[in-house]
>>> print(open('run-v7.cif').read())   # mmCIF, C-alpha atoms and all ligand atoms
data_model
#
loop_
_atom_site.label_atom_id
_atom_site.label_comp_id
_atom_site.auth_asym_id
_atom_site.auth_seq_id
_atom_site.Cartn_x
_atom_site.Cartn_y
_atom_site.Cartn_z
CA MET A 1 -15.22 6.26 6.07
CA ASN A 2 -13.74 8.55 8.64
CA ILE A 3 -12.30 11.39 6.55
CA LYS A 4 -9.91 13.79 8.24
CA TYR A 5 -8.36 16.81 6.57
CA PHE A 6 -4.95 18.17 7.52
CA GLU A 7 -3.26 21.44 6.60
CA ASN A 8 0.15 20.19 7.58
CA LYS A 9 1.89 16.99 6.49
CA GLU A 10 3.85 16.60 9.69
CA GLU A 11 0.67 16.70 11.74
CA MET A 12 -1.04 14.19 9.44
CA ILE A 13 1.89 11.79 9.62
CA GLY A 14 2.08 12.17 13.41
CA VAL A 15 -1.58 11.20 13.79
CA ALA A 16 -1.17 8.31 11.32
CA ALA A 17 1.92 7.03 13.12
CA ASN A 18 0.13 7.17 16.49
CA LEU A 19 -2.73 5.18 15.03
CA LEU A 20 -0.34 2.47 13.79
CA ILE A 21 1.75 2.40 16.96
CA THR A 22 -1.38 2.07 19.12
CA GLU A 23 -2.54 -0.87 16.97
CA ILE A 24 0.89 -2.54 17.14
CA LYS A 25 1.01 -2.11 20.93
CA ARG A 26 -2.39 -3.74 21.16
CA ASN A 27 -1.32 -6.61 18.91
CA PRO A 28 2.47 -6.81 18.37
CA LYS A 29 2.03 -9.70 15.91
CA LEU A 30 -0.30 -7.86 13.62
CA LEU A 31 -0.18 -8.20 9.85
CA LEU A 32 0.39 -4.84 8.23
CA CYS A 33 -0.06 -4.37 4.50
CA ALA A 34 2.25 -1.70 3.13
CA ALA A 35 1.79 0.40 0.02
CA THR A 36 4.73 2.23 -1.50
CA GLY A 37 4.90 5.56 -3.33
CA SER A 38 5.21 8.99 -1.80
CA SER A 39 2.00 9.03 0.26
CA PRO A 40 3.16 6.77 3.14
CA LEU A 41 6.88 7.60 2.89
CA GLU A 42 7.10 9.94 5.89
CA LEU A 43 4.82 7.66 7.88
CA TYR A 44 7.36 4.85 7.50
CA GLY A 45 10.09 7.34 8.40
CA ASN A 46 8.21 8.14 11.58
CA LEU A 47 7.93 4.44 12.51
CA ALA A 48 11.63 3.98 11.74
CA LYS A 49 12.42 6.83 14.13
CA ASN A 50 10.17 5.35 16.77
CA SER A 51 11.87 1.96 16.42
CA MET A 52 15.22 3.48 17.39
CA THR A 53 14.05 3.83 20.96
CA ASN A 54 11.35 1.20 20.85
CA ASN A 55 12.74 -1.63 18.74
CA ASN A 56 11.14 -4.43 20.73
CA LEU A 57 7.73 -3.23 19.65
CA TYR A 58 8.38 -4.27 16.04
CA ARG A 59 10.01 -7.64 16.69
CA GLN A 60 6.93 -9.70 15.92
CA LEU A 61 5.30 -7.38 13.41
CA ARG A 62 4.40 -9.06 10.11
CA ILE A 63 4.39 -7.13 6.87
CA VAL A 64 2.85 -7.88 3.50
CA LYS A 65 3.82 -5.94 0.39
CA LEU A 66 0.76 -4.56 -1.40
CA ASP A 67 2.05 -4.64 -4.95
CA GLU A 68 5.06 -4.77 -7.24
CA TRP A 69 6.09 -3.74 -10.73
CA LEU A 70 6.84 -6.56 -13.14
CA GLY A 71 9.80 -6.69 -15.50
CA LEU A 72 11.82 -3.77 -14.14
CA LYS A 73 15.35 -3.44 -15.47
CA ASP A 74 16.46 -1.32 -12.55
CA LEU A 75 15.30 -2.83 -9.28
CA ARG A 76 16.09 0.38 -7.43
CA GLY A 77 12.63 1.55 -8.52
CA SER A 78 10.92 -1.58 -7.20
CA CYS A 79 8.46 -1.63 -4.33
CA GLU A 80 10.83 -4.19 -2.80
CA ALA A 81 13.79 -1.80 -2.70
CA TYR A 82 11.55 0.92 -1.28
CA LEU A 83 10.13 -1.25 1.49
CA GLN A 84 13.50 -2.75 2.37
CA GLN A 85 14.98 0.69 2.75
CA GLU A 86 12.09 2.55 4.38
CA LEU A 87 10.44 -0.07 6.54
CA LEU A 88 11.93 -3.56 6.77
CA LYS A 89 15.54 -2.72 7.56
CA PRO A 90 14.81 0.20 9.90
CA LEU A 91 12.23 -1.85 11.85
CA GLY A 92 14.33 -5.02 11.72
CA ILE A 93 11.58 -7.17 10.22
CA SER A 94 12.79 -10.75 9.77
CA LYS A 95 12.37 -12.73 6.54
CA GLU A 96 9.90 -15.04 8.29
CA ASN A 97 7.69 -12.05 9.06
CA TYR A 98 7.61 -10.68 5.55
CA ILE A 99 5.29 -11.74 2.72
CA ALA A 100 6.10 -10.31 -0.68
CA PHE A 101 5.71 -10.75 -4.39
CA ASP A 102 9.12 -11.46 -5.89
CA ALA A 103 10.00 -8.50 -8.13
CA GLN A 104 12.08 -10.80 -10.34
CA THR A 105 9.64 -13.64 -10.68
CA GLN A 106 9.68 -15.52 -13.97
CA ASP A 107 6.27 -16.95 -13.22
CA PRO A 108 3.93 -14.17 -12.05
CA LYS A 109 0.84 -16.44 -12.13
CA GLU A 110 2.50 -18.86 -9.75
CA GLU A 111 3.63 -15.92 -7.65
CA CYS A 112 0.00 -14.78 -7.30
CA LEU A 113 -0.96 -18.24 -6.06
CA ARG A 114 1.97 -18.32 -3.64
CA ILE A 115 1.07 -14.96 -2.07
CA GLN A 116 -2.64 -15.83 -1.94
CA ASP A 117 -1.67 -18.96 -0.08
CA GLN A 118 0.52 -16.98 2.32
CA LEU A 119 -2.39 -14.64 3.04
CA LYS A 120 -4.58 -17.62 3.80
CA ILE A 121 -2.01 -19.06 6.19
CA ASN A 122 -1.36 -15.71 7.89
CA GLY A 123 -5.01 -14.73 8.23
CA SER A 124 -6.49 -11.52 6.96
CA ILE A 125 -4.60 -8.24 7.10
CA ASP A 126 -4.98 -6.40 10.41
CA ILE A 127 -4.15 -2.97 9.12
CA CYS A 128 -3.75 -1.94 5.52
CA VAL A 129 -1.85 1.25 4.68
CA LEU A 130 -2.83 2.57 1.27
CA GLY A 131 -2.11 5.53 -0.97
CA LEU A 132 -4.58 6.86 -3.53
CA GLY A 133 -3.43 6.53 -7.14
CA LYS A 134 -3.93 9.50 -9.47
CA ASN A 135 -6.50 7.45 -11.34
CA GLY A 136 -8.17 6.20 -8.15
CA HIS A 137 -6.29 2.91 -8.05
CA LEU A 138 -5.33 1.03 -4.90
CA GLY A 139 -2.14 -0.98 -5.26
CA PHE A 140 -2.33 -1.98 -8.90
CA ASN A 141 -6.06 -2.47 -8.88
CA GLU A 142 -6.56 -0.28 -11.91
CA PRO A 143 -9.85 1.33 -12.97
CA GLY A 144 -11.93 -0.91 -15.24
CA LEU A 145 -15.33 -2.42 -15.92
CA VAL A 146 -14.56 -5.15 -13.43
CA LEU A 147 -12.12 -5.50 -10.55
CA GLU A 148 -10.23 -8.57 -9.42
CA PRO A 149 -10.90 -9.85 -5.91
CA ASN A 150 -7.57 -11.58 -5.31
CA CYS A 151 -3.87 -11.48 -6.19
CA HIS A 152 -3.47 -10.92 -9.90
CA ILE A 153 -1.34 -9.61 -12.70
CA ALA A 154 -2.53 -6.14 -13.65
CA GLN A 155 -2.16 -4.38 -16.95
CA LEU A 156 -0.92 -0.95 -16.00
CA THR A 157 -2.59 2.22 -17.19
CA THR A 158 -0.40 4.85 -18.86
CA GLN A 159 -0.77 6.95 -15.74
CA SER A 160 0.63 4.20 -13.53
CA GLN A 161 3.43 3.54 -16.03
CA HIS A 162 4.52 7.12 -15.48
CA HIS A 163 4.62 6.91 -11.70
CA HIS A 164 7.73 8.55 -10.28
CA MET A 165 9.03 5.26 -8.85
CA VAL A 166 9.77 4.05 -12.38
CA ALA A 167 10.83 7.41 -13.82
CA GLU A 168 14.28 6.01 -14.61
CA GLU A 169 12.95 3.07 -16.64
CA GLU A 170 13.27 3.74 -20.36
CA GLN A 171 10.88 0.93 -21.18
CA LYS A 172 7.98 1.51 -18.84
CA PRO A 173 6.64 -1.61 -17.10
CA LYS A 174 3.46 -2.84 -18.73
CA PHE A 175 2.33 -5.04 -15.88
CA GLY A 176 2.21 -5.09 -12.13
CA ILE A 177 1.31 -7.72 -9.57
CA THR A 178 -0.98 -6.84 -6.72
CA LEU A 179 -3.26 -7.95 -3.91
CA GLY A 180 -6.86 -7.79 -5.12
CA MET A 181 -9.77 -5.70 -3.91
CA LYS A 182 -11.17 -8.45 -1.69
CA ASP A 183 -7.77 -8.98 -0.09
CA ILE A 184 -7.79 -5.25 0.70
CA VAL A 185 -11.37 -4.90 1.94
CA ASP A 186 -10.97 -8.05 4.03
CA SER A 187 -8.49 -6.06 6.14
CA LYS A 188 -9.73 -5.39 9.65
CA ARG A 189 -8.71 -1.75 9.49
CA ILE A 190 -7.65 0.49 6.61
CA LEU A 191 -5.68 3.71 6.59
CA LEU A 192 -5.84 5.57 3.29
CA ILE A 193 -3.42 8.45 2.92
CA VAL A 194 -4.35 10.99 0.30
CA SER A 195 -1.52 13.33 -0.56
CA GLY A 196 0.38 14.41 -3.62
CA LYS A 197 -0.32 16.44 -6.72
CA GLU A 198 -2.77 15.60 -9.50
CA LYS A 199 -5.14 13.72 -7.21
CA GLU A 200 -8.06 16.13 -7.65
CA LEU A 201 -10.04 13.93 -10.02
CA ALA A 202 -9.50 10.80 -7.94
CA LYS A 203 -10.50 12.71 -4.80
CA ARG A 204 -13.65 14.00 -6.45
CA GLU A 205 -14.63 10.48 -7.52
CA LEU A 206 -13.84 8.98 -4.14
CA PHE A 207 -15.51 11.64 -2.03
CA SER A 208 -18.67 11.56 -4.14
CA GLY A 209 -19.46 8.54 -1.97
CA LYS A 210 -20.60 6.52 -4.99
CA ILE A 211 -19.08 3.09 -5.60
CA ASN A 212 -17.61 2.84 -9.06
CA THR A 213 -15.11 0.32 -10.44
CA GLN A 214 -13.60 3.19 -12.45
CA CYS A 215 -12.41 4.46 -9.07
CA PRO A 216 -11.25 1.32 -7.23
CA ALA A 217 -10.68 3.30 -4.02
CA SER A 218 -14.44 3.99 -3.89
CA LEU A 219 -14.96 0.34 -2.87
CA LEU A 220 -13.62 1.38 0.52
CA TRP A 221 -17.07 2.84 1.17
CA LEU A 222 -18.17 -0.77 1.68
CA HIS A 223 -15.80 -1.15 4.63
CA ASN A 224 -16.76 -0.03 8.12
CA ASN A 225 -13.31 0.74 9.52
CA VAL A 226 -11.52 3.10 7.15
CA ASP A 227 -9.59 6.18 8.19
CA CYS A 228 -8.88 8.46 5.28
CA PHE A 229 -6.32 11.17 5.98
CA VAL A 230 -6.27 13.92 3.40
CA LEU A 231 -3.59 16.54 3.10
CA ASN A 232 -4.95 19.87 1.88
CA GLU A 233 -2.41 21.01 -0.68
C1 LIG B 1 1.82 3.13 -7.08
C2 LIG B 1 2.20 2.14 -6.00
C3 LIG B 1 1.08 2.05 -4.97
C4 LIG B 1 0.83 3.45 -4.43
C5 LIG B 1 0.34 4.37 -5.54
C6 LIG B 1 0.22 5.84 -5.14
O1 LIG B 1 0.93 2.56 -7.95
N1 LIG B 1 2.49 0.86 -6.56
O2 LIG B 1 1.44 1.14 -3.92
O3 LIG B 1 -0.11 3.41 -3.40
O4 LIG B 1 1.25 4.34 -6.62
O5 LIG B 1 1.47 6.46 -5.19
P1 LIG B 1 1.81 7.90 -4.59
O6 LIG B 1 1.59 7.80 -3.14
O7 LIG B 1 3.26 8.12 -4.94
O8 LIG B 1 0.89 8.86 -5.26
#
>>> encode(input="run-v7.cif", output="structure tokens")
Amino acid sequence: MNIKYFENKEEMIGVAANLLITEIKRNPKLLLCAATGSSPLELYGNLAKNSMTNNNLYRQLRIVKLDEWLGLKDLRGSCEAYLQQELLKPLGISKENYIAFDAQTQDPKEECLRIQDQLKINGSIDICVLGLGKNGHLGFNEPGLVLEPNCHIAQLTTQSQHHHMVAEEEQKPKFGITLGMKDIVDSKRILLIVSGKEKELAKRELFSGKINTQCPASLLWLHNNVDCFVLNE
């Protein structure tokens, strides 16, 4: 894991955006997996800005949504609404180039199979942009005795249920739907962005270098092409 510390968010985002843009230039059709939350928000903003003068670059880009809440009343807090607003619309990603769990699915099990199938058809992820959960989760791969390799329905921890994206939901979502750990570590390249408050414990677990299913992000130590950008806050 190539860990890089930054004192300044703008600088971190600039370096992260350059990394992505270089990869997209090298392979304009690449499959990018996108997390939501606050960690990658400015990174997507940076790409959106770049696309204003460089829109052709993103024409063939394919995007897969990392995870989604299940059973939200207010879809404004969904990962879908976030990605549409921050990434898909600004970059002009077509429907054909977007793979995503349906936030309103009535059959989440079937939805897992559908997305797993889509991943198989599209080949493995070229670059996976991740944020570190406060409890060490990646997507909705929550800490536990065992981790799921593929797309699955996840029972959310209390910590995840209180994530700011669903702050407006009176009845907190109990479940999420997510790519699994194998889907993530099968990515050719991974960019993990570590920023935000209350991440100290997760950082300590991750940077101990030990692999522990109670800190799903620690499985990234098994991958040989991970950039981990950490904002010193
Ligand atoms: C949520 C999202 C994930 C995100 C994580 C970290 O669980 N579903 O996709 O990576 O939280 O969020 P943040 O970056 O806001 O700390």
>>> residues_near_ligand(input="run-v7.cif", ligand="ligand LIG 1 (chain B)", cutoff="9 Å", atoms="all atoms listed in the file", output="CSV table (one decimal) with C-alpha atoms, keeping the file's coordinate frame")
chain,number,residue,atom,x,y,z
A,34,ALA,CA,2.2,-1.7,3.1
A,35,ALA,CA,1.8,0.4,0.0
A,36,THR,CA,4.7,2.2,-1.5
A,37,GLY,CA,4.9,5.6,-3.3
A,38,SER,CA,5.2,9.0,-1.8
A,39,SER,CA,2.0,9.0,0.3
A,40,PRO,CA,3.2,6.8,3.1
A,41,LEU,CA,6.9,7.6,2.9
A,65,LYS,CA,3.8,-5.9,0.4
A,66,LEU,CA,0.8,-4.6,-1.4
A,67,ASP,CA,2.0,-4.6,-5.0
A,68,GLU,CA,5.1,-4.8,-7.2
A,69,TRP,CA,6.1,-3.7,-10.7
A,78,SER,CA,10.9,-1.6,-7.2
A,79,CYS,CA,8.5,-1.6,-4.3
A,129,VAL,CA,-1.8,1.2,4.7
A,130,LEU,CA,-2.8,2.6,1.3
A,131,GLY,CA,-2.1,5.5,-1.0
A,132,LEU,CA,-4.6,6.9,-3.5
A,133,GLY,CA,-3.4,6.5,-7.1
A,134,LYS,CA,-3.9,9.5,-9.5
A,136,GLY,CA,-8.2,6.2,-8.2
A,137,HIS,CA,-6.3,2.9,-8.0
A,138,LEU,CA,-5.3,1.0,-4.9
A,139,GLY,CA,-2.1,-1.0,-5.3
A,140,PHE,CA,-2.3,-2.0,-8.9
A,141,ASN,CA,-6.1,-2.5,-8.9
A,142,GLU,CA,-6.6,-0.3,-11.9
A,156,LEU,CA,-0.9,-1.0,-16.0
A,160,SER,CA,0.6,4.2,-13.5
A,161,GLN,CA,3.4,3.5,-16.0
A,163,HIS,CA,4.6,6.9,-11.7
A,164,HIS,CA,7.7,8.6,-10.3
A,165,MET,CA,9.0,5.3,-8.8
A,176,GLY,CA,2.2,-5.1,-12.1
A,178,THR,CA,-1.0,-6.8,-6.7
A,193,ILE,CA,-3.4,8.4,2.9
A,194,VAL,CA,-4.4,11.0,0.3
A,195,SER,CA,-1.5,13.3,-0.6
A,196,GLY,CA,0.4,14.4,-3.6
A,197,LYS,CA,-0.3,16.4,-6.7
A,198,GLU,CA,-2.8,15.6,-9.5
A,199,LYS,CA,-5.1,13.7,-7.2
>>> residues_around(input="run-v7.cif", residues="Gln116 in chain A", least_positions_apart="2", cutoff="9 Å", atoms="all atoms listed in the file", output="ChimeraX atom specification")
/A:111-114,118-121,150-151,179,183
>>> axis_aligned_box(input="run-v7.cif", around="range 101-106 of chain A", padding_each_side="4 Å", output="lines of an AutoDock Vina configuration file")
center_x = 8.9
center_y = -12.0
center_z = -9.2
size_x = 14.4
size_y = 15.0
size_z = 17.6
>>> closest_residue(input="run-v7.cif", among="A:Glu110, A:Glu86, A:Glu169, A:Glu96", to="Gly71 in chain A", atoms="only C-alpha atoms")
A:Glu169
>>> residues_around(input="run-v7.cif", residues="range 205-222 of chain A", least_positions_apart="2", cutoff="9 Å", atoms="all atoms listed in the file", output="VMD selection string")
chain A and resid 1 132 to 133 135 to 138 141 to 147 181 184 to 185 190 200 to 203 224 226
>>> closest_residue(input="run-v7.cif", among="A:Ala16, A:Glu10, A:Gly123, A:Leu75", to="Asp227 in chain A", atoms="all atoms listed in the file")
A:Ala16
>>> atom_distance(input="run-v7.cif", atom1="CA of Glu80 in chain A", atom2="CA of His152 in chain A")
17.3 Å
>>> closest_residue(input="run-v7.cif", among="A:Pro173, A:Pro149, A:Pro28, A:Gly45", to="Leu70 in chain A", atoms="only C-alpha atoms")
A:Pro173
>>> atom_distance(input="run-v7.cif", atom1="CA of Thr22 in chain A", atom2="CA of Ser51 in chain A")
13.5 Å
>>> closest_residue(input="run-v7.cif", among="A:Ile13, A:Ala48, A:Ile24, A:Ile3", to="Leu91 in chain A", atoms="all atoms listed in the file")
A:Ala48
>>> atom_distance(input="run-v7.cif", atom1="CA of Tyr98 in chain A", atom2="CA of Gln84 in chain A")
10.4 Å
>>> closest_residue(input="run-v7.cif", among="A:Gly77, A:Lys49, A:Leu30, A:Gln85", to="Leu61 in chain A", atoms="only C-alpha atoms")
A:Leu30
>>> closest_residue(input="run-v7.cif", among="A:Ile177, A:Asn97, A:Glu170, A:Gly14", to="Asn122 in chain A", atoms="all atoms listed in the file")
A:Asn97
